[in-house]
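Here is the structure we will look at.
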Amino acid sequence: RRLPLPPGPRRRWLIGNLLDFPTSRPCITFRDWCREYGGLVFVDIPFKPVLIIGSFQVAKDLLDARSNIYSDRPYFAMMDLANWGWAFSMMAYTPSFRAHRRLFIEHFNRTAMQKYRSIQLQETHAVLVRLLHTPDMARQHLRTLPASTIMRIVYGARNASQMNEYIDIAEQAMDAVRKLLVPGAFLAEFIPFLRHFPPGCRYRPIVQRLRDQPFEEVQRTMAEGKAMPSVAYSLIRQLQGENENLTAEQDYLARGVAGGAYGAASDTTTAVTEVFVVAMAMYPDVQRKAQAELDRIVGPSRLPDFGDLESLVYIRAIMLESLRWIPTIPTCVPHAVSVDDVYEGYFIPKGTLVIPNIWAMLHNPEDYPGPETFKPERFINKEGKIDPSVRDPTTIAFGFGRRMCAGLDFAATTLHILLASMLHVYDMKPGVDERGQPVILSGEGSDEAISYVPYFFPGESRRK
Ligand code: HEM
């Protein structure tokens with residue numbers, strides 16, 4: 001006899017839990033279900049069983065320890081309709097996915113990243129200057145930073161107008177990810193015949209341009225002998241070897257690896273930066289403490305550098321707290337289990353969609369007391385070092401197992417240097433709205449797959 005399925009909300013005849021599935025702020029409903037039924041909750045959606053993971057331990061046991069069978073992705077109907085199927089973050093755990101990920105890691109591991117530091121610093125400094133000249137466009141400037149950094153690294157984009165065009169394309173293409181990847185936001189994910197009425201189709205041309213236009217520009221400049229060093233350039237050289245052209249398969253791989261970097265890096269890093277700025281405006285004491293650390297370690301006559309980061313412990317704690325307080329991808333990117341499995345006496349059928357509730361794990365009061373408060377001190381021990389006994393939010397916020405974020409190191413260094421530089425130069429304060437009224441800030445994320453904070457600030461320079 002089959003073992004029982006994990007517990008979960010009561011199922012209705014024929015439609016199971018279809019009507020219970022949340023379409024707004026799913027992380028909250030999932031957290032409530034887990035409080036009622038435990039760290040593992042089974043939700044019965046016709047054609048698509050769903051498993052919600054609400055506890056860090058269960059995520060470790062399944063997604064990390066059994067990563068050989070929990071690293072698949074479900075078929076994302078809406079993302080496929082929007083033409084995002086080429087992005088390896090959406091791919092099933094196939095040999096093609098593994099080839100993409102392997103190649104990606106080769107260009108974004110810790111050693112490879114040393115090469116990108118000067119671009120990271122130049123882009124960070126450029127943002128500081130833009131903020132000074134046009135503070136009313138602060139939000140836009142901060143949004144452009146990860147985009148332009150990754151664009152220069154991946155495609156060697158050369159001039160401002162080319163860069164702006166690429167960023168504009170990416171902004172439009174990423175809108176699909178924000179809107180279509182929220183679990184349950186589109187019932188078509190679960191009910192196949194609804195896919196004939198797709199809101200995703202309108203994104204197809206722009207997503208295609210995101211992948212192809214900058215890549216083909218690199219190919220063109222290579223043919224003219226004018227290409228700048230870039231990841232795309234290295235990929236093409238590496239794959240094509242002595243041959244004159246890439247094969248169709250190599251071409252698909254190279255475009256996917258390059259385009260995947262841009263898609264995965266820009267919005268996520270921006271979202272954390274926005275959380276950080278709002279937190280600084282809401283918690284001026286934290287800001288002052290960070291600035292005191294900077295004054296002590298960096299001093300007033302220069303900007304922070306990568307060599308300072310190890311000593312900037314409090315600022316690292318601010319980064320960790322920014323990742324924890326409003327998690328960037330609150331319900332992760334769903335995994336899928338590729339064979340039938342049994343866990344703690346429960347049967348988990350092959351093909352089940354697995355959703356780790358990152359938000360709930362990072363707001364678990366047992367690991368992070370007073371989780372709604374922004375408190376970097378929680379990560380620092382008596383010796384003034386990062387406390388290894390407090391769960392590191394990067395082990396949750398970047399996902400799990402063999403699908404864990406492939407750009408974690410890149411994201412963490414980009415953020416650390418940016419946060420340090422922003423705090424060194426600016427005081428972040430709550431701004432005023434169009435009617436001149438003070439903006440009420442809140443620590444609540446948006447309702448999209450990548451969580452934003454709703455408002456933004458003008459900062460003020462603290463260095464005259
Ligand atoms: C703070 C910023 C970031 C956060 C919070 C973040 C978070 C995540 C999460 C939660 C996933 C899904 C993991 C899973 O399925 O278990 C993911 C996947 C991924 N991320 Fe990030 N990410 C960030 C920045 C970046 C950057 C800067 C890059 C590239 C340079 C990147 C590249 C990727 C890729 C390629 C995947 C797909 C991995 C796969 O499916 O195997 N991410 N990220």
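Labeling convention for the structure tokens: chains A, B, ... as they appear, residues from 1 per chain, ligands from 1 in order of appearance.
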
- request: Using DSSP on the backbone, list every residue of region 283-372 of chain A that comes out as alpha helix (DSSP H), and give them as JSON, numbers by chain.
  value: {"A": [284, 285, 286, 287, 288, 289, 290, 291, 292, 293, 294, 295, 296, 297, 313, 314, 315, 316, 317, 318, 319, 320, 321, 322, 323, 324, 325, 358, 359, 360, 361, 362]}

field: 12 Å contact set for Glu165 (chain A), only C-alpha atoms, chain neighbours under 4 positions out, as a list in words
entry: Thr144, Ala147, Ser148, Met151, Ala157, Arg158, Asn159, Ala160, Ser161, Ile169, Ala170, Glu171, Gln172, Ile206, Arg209, Leu210, Gln213 and Pro214 of chain A

Using only C-alpha atoms and all ligand atoms, which residues of chain A come within 6 Å of ligand 1, and what is the closest atom pair for each, with the distance in Å to one decimal? Give it as a tab-separated table, sorted by chain and residue number.
```
residue	atom	partner	partner_atom_place_in_ligand_line	distance
A:Phe88	CA	ligand 1	40 (O)	5.9
A:Ser89	CA	ligand 1	40 (O)	3.4
A:Gly260	CA	ligand 1	35 (C)	5.8
A:Ala261	CA	ligand 1	29 (C)	4.7
A:Ala264	CA	ligand 1	31 (C)	4.5
A:Ala265	CA	ligand 1	26 (C)	3.5
A:Thr268	CA	ligand 1	2 (C)	4.4
A:Thr269	CA	ligand 1	2 (C)	4.2
A:Val272	CA	ligand 1	1 (C)	5.8
A:Thr328	CA	ligand 1	5 (C)	5.0
A:Ile329	CA	ligand 1	10 (C)	5.5
A:Cys332	CA	ligand 1	10 (C)	4.6
A:Val333	CA	ligand 1	15 (O)	4.5
A:Ala397	CA	ligand 1	5 (C)	5.4
A:Phe398	CA	ligand 1	7 (C)	4.0
A:Gly399	CA	ligand 1	16 (O)	3.4
A:Phe400	CA	ligand 1	16 (O)	4.1
A:Arg403	CA	ligand 1	41 (O)	3.7
A:Met404	CA	ligand 1	13 (C)	4.2
A:Cys405	CA	ligand 1	18 (C)	3.6
A:Ala406	CA	ligand 1	33 (C)	4.5
A:Gly407	CA	ligand 1	28 (C)	3.6
A:Leu408	CA	ligand 1	25 (C)	5.8
A:Phe410	CA	ligand 1	27 (C)	5.4
A:Ala411	CA	ligand 1	27 (C)	4.1
```

Go ahead and save the residues from that selection, with N, CA, C and O atoms, as a short mmCIF file (atom, residue, chain, number, x, y, z; two decimals), in the first residue's frame.
```cif
data_model
loop_
_atom_site.label_atom_id
_atom_site.label_comp_id
_atom_site.auth_asym_id
_atom_site.auth_seq_id
_atom_site.Cartn_x
_atom_site.Cartn_y
_atom_site.Cartn_z
N PHE A 88 18.88 29.05 -19.00
CA PHE A 88 19.11 27.76 -18.34
C PHE A 88 18.55 27.71 -16.92
O PHE A 88 18.33 26.65 -16.37
N SER A 89 18.29 28.89 -16.33
CA SER A 89 17.66 28.88 -15.00
C SER A 89 16.25 28.27 -15.05
O SER A 89 15.73 27.84 -14.04
N GLY A 260 21.71 34.47 -20.15
CA GLY A 260 21.25 34.02 -18.83
C GLY A 260 21.87 34.84 -17.73
O GLY A 260 21.24 35.15 -16.71
N ALA A 261 23.13 35.25 -17.92
CA ALA A 261 23.81 36.05 -16.90
C ALA A 261 23.07 37.36 -16.72
O ALA A 261 22.74 37.77 -15.61
N ALA A 264 19.57 36.96 -15.08
CA ALA A 264 19.55 36.56 -13.67
C ALA A 264 20.15 37.63 -12.75
O ALA A 264 19.82 37.69 -11.57
N ALA A 265 21.04 38.47 -13.30
CA ALA A 265 21.81 39.35 -12.42
C ALA A 265 21.17 40.70 -12.16
O ALA A 265 21.26 41.25 -11.07
N THR A 268 17.71 41.10 -9.72
CA THR A 268 17.93 40.58 -8.36
C THR A 268 18.84 41.53 -7.57
O THR A 268 18.51 41.91 -6.44
N THR A 269 19.95 41.92 -8.18
CA THR A 269 20.90 42.78 -7.46
C THR A 269 20.26 44.14 -7.19
O THR A 269 20.44 44.72 -6.11
N VAL A 272 17.96 44.05 -4.11
CA VAL A 272 18.63 44.10 -2.80
C VAL A 272 19.12 45.53 -2.52
O VAL A 272 19.04 46.01 -1.39
N THR A 328 14.81 38.63 -1.86
CA THR A 328 14.66 39.03 -3.26
C THR A 328 13.71 38.11 -4.03
O THR A 328 12.87 38.57 -4.81
N ILE A 329 13.87 36.81 -3.86
CA ILE A 329 12.98 35.86 -4.56
C ILE A 329 12.27 35.06 -3.47
O ILE A 329 12.74 33.98 -3.07
N CYS A 332 11.54 31.41 -4.10
CA CYS A 332 12.60 30.78 -4.88
C CYS A 332 12.14 30.56 -6.33
O CYS A 332 11.11 31.08 -6.75
N VAL A 333 12.93 29.87 -7.10
CA VAL A 333 12.47 29.38 -8.40
C VAL A 333 12.12 27.92 -8.12
O VAL A 333 12.95 27.19 -7.55
N ALA A 397 18.87 32.58 0.83
CA ALA A 397 18.37 33.58 -0.15
C ALA A 397 18.77 33.25 -1.58
O ALA A 397 18.12 33.70 -2.52
N PHE A 398 19.83 32.46 -1.76
CA PHE A 398 20.29 32.15 -3.11
C PHE A 398 19.85 30.75 -3.57
O PHE A 398 20.34 30.25 -4.57
N GLY A 399 18.94 30.14 -2.84
CA GLY A 399 18.40 28.85 -3.27
C GLY A 399 19.25 27.68 -2.82
O GLY A 399 20.14 27.83 -1.96
N PHE A 400 19.01 26.52 -3.43
CA PHE A 400 19.50 25.28 -2.84
C PHE A 400 20.07 24.29 -3.87
O PHE A 400 19.69 24.31 -5.03
N ARG A 403 20.80 23.68 -8.00
CA ARG A 403 20.21 24.84 -8.68
C ARG A 403 20.50 26.12 -7.93
O ARG A 403 19.96 27.19 -8.29
N MET A 404 21.30 26.07 -6.90
CA MET A 404 21.62 27.29 -6.15
C MET A 404 22.17 28.35 -7.10
O MET A 404 22.82 28.02 -8.10
N CYS A 405 21.87 29.61 -6.79
CA CYS A 405 22.27 30.73 -7.64
C CYS A 405 23.72 30.56 -8.14
O CYS A 405 24.63 30.43 -7.33
N ALA A 406 23.86 30.62 -9.44
CA ALA A 406 25.19 30.44 -10.02
C ALA A 406 26.01 31.74 -9.98
O ALA A 406 27.18 31.74 -10.35
N GLY A 407 25.37 32.83 -9.55
CA GLY A 407 26.07 34.11 -9.52
C GLY A 407 26.25 34.64 -8.11
O GLY A 407 26.47 35.84 -7.91
N LEU A 408 26.16 33.74 -7.12
CA LEU A 408 26.20 34.17 -5.71
C LEU A 408 27.43 35.03 -5.39
O LEU A 408 27.31 36.12 -4.82
N PHE A 410 29.41 36.66 -7.35
CA PHE A 410 29.38 37.91 -8.10
C PHE A 410 28.40 38.89 -7.43
O PHE A 410 28.71 40.07 -7.22
N ALA A 411 27.22 38.38 -7.08
CA ALA A 411 26.20 39.24 -6.45
C ALA A 411 26.73 39.79 -5.12
O ALA A 411 26.60 40.99 -4.84
#
```

task: Give me the residues within 8 Å of Asp340 (chain A) as a list in words, counting only C-alpha atoms and dropping any in the same chain fewer than 2 places off.
output: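 Surrounding residues, per the criterion: Val337, Ser338, Val342, Phe347, Ile348, Pro349, Lys350 and Gly351 of chain A.
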
task: Please identify all polymer residues within 10 Å of Lys385 (chain A), counting only C-alpha atoms, omitting same-chain residues fewer than 5 positions from it, and present them as a list in words.
output: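 My reading of the contact set: Ser311, Leu312, Val313, Tyr314, Ala317, Phe379 and Ile380 of chain A.
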
Based on DSSP run over this structure's backbone, return all residues of region 40-257 of chain A in strand (DSSP E), as a PDB file with N, CA, C and O atoms, in the first residue's frame.
```
ATOM      1  N   LEU A  40       6.659  20.526   5.772  1.00  0.00           N
ATOM      2  CA  LEU A  40       6.459  19.965   4.444  1.00  0.00           C
ATOM      3  C   LEU A  40       4.954  19.900   4.191  1.00  0.00           C
ATOM      4  O   LEU A  40       4.238  19.215   4.907  1.00  0.00           O
ATOM      5  N   VAL A  41       4.466  20.654   3.199  1.00  0.00           N
ATOM      6  CA  VAL A  41       3.008  20.727   2.981  1.00  0.00           C
ATOM      7  C   VAL A  41       2.697  20.315   1.548  1.00  0.00           C
ATOM      8  O   VAL A  41       3.328  20.799   0.604  1.00  0.00           O
ATOM      9  N   PHE A  42       1.723  19.423   1.409  1.00  0.00           N
ATOM     10  CA  PHE A  42       1.344  18.958   0.076  1.00  0.00           C
ATOM     11  C   PHE A  42       0.086  19.687  -0.375  1.00  0.00           C
ATOM     12  O   PHE A  42      -0.903  19.742   0.339  1.00  0.00           O
ATOM     13  N   VAL A  43       0.167  20.268  -1.573  1.00  0.00           N
ATOM     14  CA  VAL A  43      -0.987  20.997  -2.112  1.00  0.00           C
ATOM     15  C   VAL A  43      -1.379  20.296  -3.407  1.00  0.00           C
ATOM     16  O   VAL A  43      -0.543  20.107  -4.301  1.00  0.00           O
ATOM     17  N   ASP A  44      -2.642  19.907  -3.467  1.00  0.00           N
ATOM     18  CA  ASP A  44      -3.087  19.066  -4.575  1.00  0.00           C
ATOM     19  C   ASP A  44      -3.720  19.917  -5.672  1.00  0.00           C
ATOM     20  O   ASP A  44      -4.870  20.328  -5.575  1.00  0.00           O
ATOM     21  N   ILE A  45      -2.928  20.221  -6.696  1.00  0.00           N
ATOM     22  CA  ILE A  45      -3.442  20.984  -7.835  1.00  0.00           C
ATOM     23  C   ILE A  45      -3.621  19.979  -8.975  1.00  0.00           C
ATOM     24  O   ILE A  45      -2.694  19.209  -9.251  1.00  0.00           O
ATOM     25  N   LYS A  48      -0.836  18.922 -11.383  1.00  0.00           N
ATOM     26  CA  LYS A  48       0.440  19.428 -10.884  1.00  0.00           C
ATOM     27  C   LYS A  48       0.492  19.428  -9.360  1.00  0.00           C
ATOM     28  O   LYS A  48       0.171  20.422  -8.706  1.00  0.00           O
ATOM     29  N   PRO A  49       0.906  18.287  -8.757  1.00  0.00           N
ATOM     30  CA  PRO A  49       1.041  18.311  -7.289  1.00  0.00           C
ATOM     31  C   PRO A  49       2.170  19.266  -6.873  1.00  0.00           C
ATOM     32  O   PRO A  49       3.172  19.385  -7.573  1.00  0.00           O
ATOM     33  N   VAL A  50       1.953  19.935  -5.741  1.00  0.00           N
ATOM     34  CA  VAL A  50       2.936  20.933  -5.279  1.00  0.00           C
ATOM     35  C   VAL A  50       3.347  20.617  -3.847  1.00  0.00           C
ATOM     36  O   VAL A  50       2.502  20.292  -3.001  1.00  0.00           O
ATOM     37  N   LEU A  51       4.649  20.714  -3.600  1.00  0.00           N
ATOM     38  CA  LEU A  51       5.148  20.521  -2.242  1.00  0.00           C
ATOM     39  C   LEU A  51       5.749  21.836  -1.773  1.00  0.00           C
ATOM     40  O   LEU A  51       6.628  22.391  -2.441  1.00  0.00           O
ATOM     41  N   ILE A  52       5.275  22.342  -0.628  1.00  0.00           N
ATOM     42  CA  ILE A  52       5.841  23.574  -0.089  1.00  0.00           C
ATOM     43  C   ILE A  52       6.827  23.192   1.012  1.00  0.00           C
ATOM     44  O   ILE A  52       6.482  22.434   1.920  1.00  0.00           O
ATOM     45  N   ILE A  53       8.027  23.722   0.925  1.00  0.00           N
ATOM     46  CA  ILE A  53       9.017  23.483   1.984  1.00  0.00           C
ATOM     47  C   ILE A  53       9.108  24.746   2.828  1.00  0.00           C
ATOM     48  O   ILE A  53       9.464  25.812   2.328  1.00  0.00           O
TER      49      ILE A  53
END
```

Long-range neighbours of region 290-299 of chain A as a VMD selection string, 10 Å cut-off, only C-alpha atoms, 6 positions minimum in chain: chain A and resid 280 284 305 308 to 309 311 to 318 419 to 427 462

Please save N, CA and C atoms of the selected residues as a CSV table (one decimal), in the first residue's frame.
```csv
chain,number,residue,atom,x,y,z
A,280,MET,N,18.3,51.8,5.2
A,280,MET,CA,19.1,52.9,5.8
A,280,MET,C,18.3,54.1,6.1
A,284,PRO,N,18.3,55.1,10.8
A,284,PRO,CA,19.4,56.0,10.8
A,284,PRO,C,20.6,55.6,11.7
A,305,ASP,N,37.6,50.2,-1.4
A,305,ASP,CA,38.1,49.3,-2.4
A,305,ASP,C,37.9,47.9,-2.0
A,308,ASP,N,39.3,46.6,1.2
A,308,ASP,CA,38.8,47.0,2.5
A,308,ASP,C,37.7,46.0,2.9
A,309,LEU,N,37.1,45.2,2.0
A,309,LEU,CA,35.8,44.6,2.3
A,309,LEU,C,35.9,43.6,3.5
A,311,SER,N,37.6,43.9,6.2
A,311,SER,CA,37.5,44.7,7.4
A,311,SER,C,36.2,45.3,7.7
A,312,LEU,N,35.4,45.5,6.6
A,312,LEU,CA,34.1,46.2,6.7
A,312,LEU,C,33.0,45.2,7.2
A,313,VAL,N,33.2,44.7,8.4
A,313,VAL,CA,32.3,43.6,9.0
A,313,VAL,C,30.9,44.1,9.2
A,314,TYR,N,30.7,45.3,9.7
A,314,TYR,CA,29.3,45.8,9.9
A,314,TYR,C,28.6,46.0,8.6
A,315,ILE,N,29.3,46.4,7.6
A,315,ILE,CA,28.7,46.6,6.3
A,315,ILE,C,28.3,45.2,5.7
A,316,ARG,N,29.2,44.2,5.9
A,316,ARG,CA,28.8,42.9,5.5
A,316,ARG,C,27.5,42.4,6.2
A,317,ALA,N,27.4,42.8,7.5
A,317,ALA,CA,26.2,42.4,8.2
A,317,ALA,C,25.0,43.1,7.7
A,318,ILE,N,25.2,44.4,7.2
A,318,ILE,CA,24.0,45.1,6.6
A,318,ILE,C,23.6,44.4,5.3
A,419,LEU,N,27.3,48.9,-1.4
A,419,LEU,CA,26.8,49.3,-0.1
A,419,LEU,C,27.8,50.2,0.6
A,420,ALA,N,29.0,49.7,0.6
A,420,ALA,CA,30.1,50.4,1.3
A,420,ALA,C,30.3,51.8,0.7
A,421,SER,N,30.3,51.9,-0.7
A,421,SER,CA,30.5,53.1,-1.4
A,421,SER,C,29.4,54.1,-1.1
A,422,MET,N,28.1,53.6,-1.2
A,422,MET,CA,27.0,54.4,-0.9
A,422,MET,C,27.0,55.0,0.5
A,423,LEU,N,27.3,54.2,1.4
A,423,LEU,CA,27.4,54.7,2.8
A,423,LEU,C,28.5,55.7,3.0
A,424,HIS,N,29.6,55.5,2.3
A,424,HIS,CA,30.7,56.3,2.5
A,424,HIS,C,30.4,57.7,2.0
A,425,VAL,N,29.6,57.8,1.0
A,425,VAL,CA,29.4,59.1,0.3
A,425,VAL,C,28.0,59.8,0.7
A,426,TYR,N,27.0,59.0,0.9
A,426,TYR,CA,25.7,59.5,1.1
A,426,TYR,C,25.1,59.2,2.4
A,427,ASP,N,24.2,60.1,2.8
A,427,ASP,CA,23.2,59.9,3.9
A,427,ASP,C,21.9,59.6,3.2
A,462,ARG,N,27.4,63.3,2.1
A,462,ARG,CA,28.0,63.7,3.4
A,462,ARG,C,29.4,64.1,3.1
```

- request: Extract, using only C-alpha atoms, all DNA, RNA and protein residues at most 6 Å from region 60-74 of chain A, discarding same-chain residues fewer than 2 positions from it, and format them as an MDAnalysis selection string.
  value: chainID A and resid 57:58 92:93 335:338 400:402

Would you mind exporting C-alpha atoms of the selected residues as a CSV table (one decimal), in the first residue's frame?
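Generated output (result.csv):
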```
chain,number,residue,atom,x,y,z
A,57,GLN,CA,16.1,21.5,7.7
A,58,VAL,CA,13.7,20.0,5.2
A,92,ALA,CA,14.9,20.9,-16.7
A,93,TYR,CA,18.0,19.1,-15.3
A,335,HIS,CA,12.4,22.8,-8.3
A,336,ALA,CA,10.8,19.5,-9.4
A,337,VAL,CA,11.5,16.0,-8.2
A,338,SER,CA,12.5,13.7,-11.0
A,400,PHE,CA,19.5,25.3,-2.8
A,401,GLY,CA,21.4,22.2,-4.1
A,402,ARG,CA,22.5,22.0,-7.7
```
